[in-house]
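Colleague: Supplied in structure tokens, the structure appears directly below.
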Amino acid sequence: MSPRKAVEHELSRERILEAAREQFVQHGYRDVSMRGIAKELGYSPGSLYYHFREKAELFSAMTAEDFHQLDGLLEEAVSISTNPGRDRLELIFLSFIRFGLENKRSFELMFLIQEPGLDCYTTQSKMGSYEKFSTTVNESLQVTNAARANDFELIWVLFLSLHGFVSFYIHSAQSFEDIAKLANLHVQLLLRGLE
């Protein structure tokens, strides 16, 4: 085998994460093993352990990447929105829904898998991402309704409302484009409630 061919078939961290994502979504966290992921990739389990010490660490790395992607969308919404008030909130809310419906597998793994023992691996990424959401919403509320800007229970309820919308459609075949009108109506109702 030529060196170039060998490099093309090298087991990368990215290939492991992608195969693991498919396995976790299809079978759930409990029923996935490092051995099964390795078999799917055509490698020995030891090849995976070179990159990840255990299944929970692999899961954590996978969801950390997904939270990083979601955080990037929130940062983009802030940077492209010229109006730091209502327009920015609308973009933040729609970006969250779009992310969830365009990345259904990721969203499910990030938010919907409840597995004892995983919290110590995923809490930091999850809480960091929520903190970014909370901060960006708080900054926009300072402009639109300063009296409610520091109402962190309100911000949590906004998050839950967006999360619930995505969760309702996550197992459907509908894409974001299919329900964009409903998503926009949902966001407009949230924004109206903030005025």
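Labels used: A, B, ... for chains in the order of the structure tokens, numbers from 1 for residues in each chain, and numbers from 1 for ligands as shown.
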Please give the complete set of residues from segment 64-192 of chain A that DSSP, run on the backbone, assigns to helix (DSSP H, G or I), formatted as a ChimeraX atom specification.

Modeller: /A:64-80,86-102,104-112,119-144,146-148,152-169,177-192

Colleague: Find the residues around Gln124 of chain A up to 9 Å (only C-alpha atoms counted), leave out those fewer than 5 positions away in its own chain, and share them as a list in words.

Modeller: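 Everything that qualifies: Ala64, Asp119 and Ser129 of chain A.
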
Colleague: If I take atom CA of Ala173 of chain A and atom CA of Tyr29 of chain A, how far is one from the other in Å, to one decimal?

Modeller: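 Answer for the atom CA of Ala173 of chain A to atom CA of Tyr29 of chain A separation: 22.5 Å.
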
Colleague: Atom CA of Met34 of chain A to atom CA of Ser125 of chain A: how many Å, to one decimal?

Modeller: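 Spanning atom CA of Met34 of chain A to atom CA of Ser125 of chain A is a straight-line distance of 22.2 Å.
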
Colleague: Just checking: using only C-alpha atoms, which residue out of A:Thr63, A:Ser81, A:Ser172, A:Ser95 ends up closest to Phe107 of chain A?

Modeller: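 Residue with the minimum atom-to-atom distance to Phe107 of chain A: A:Thr63.
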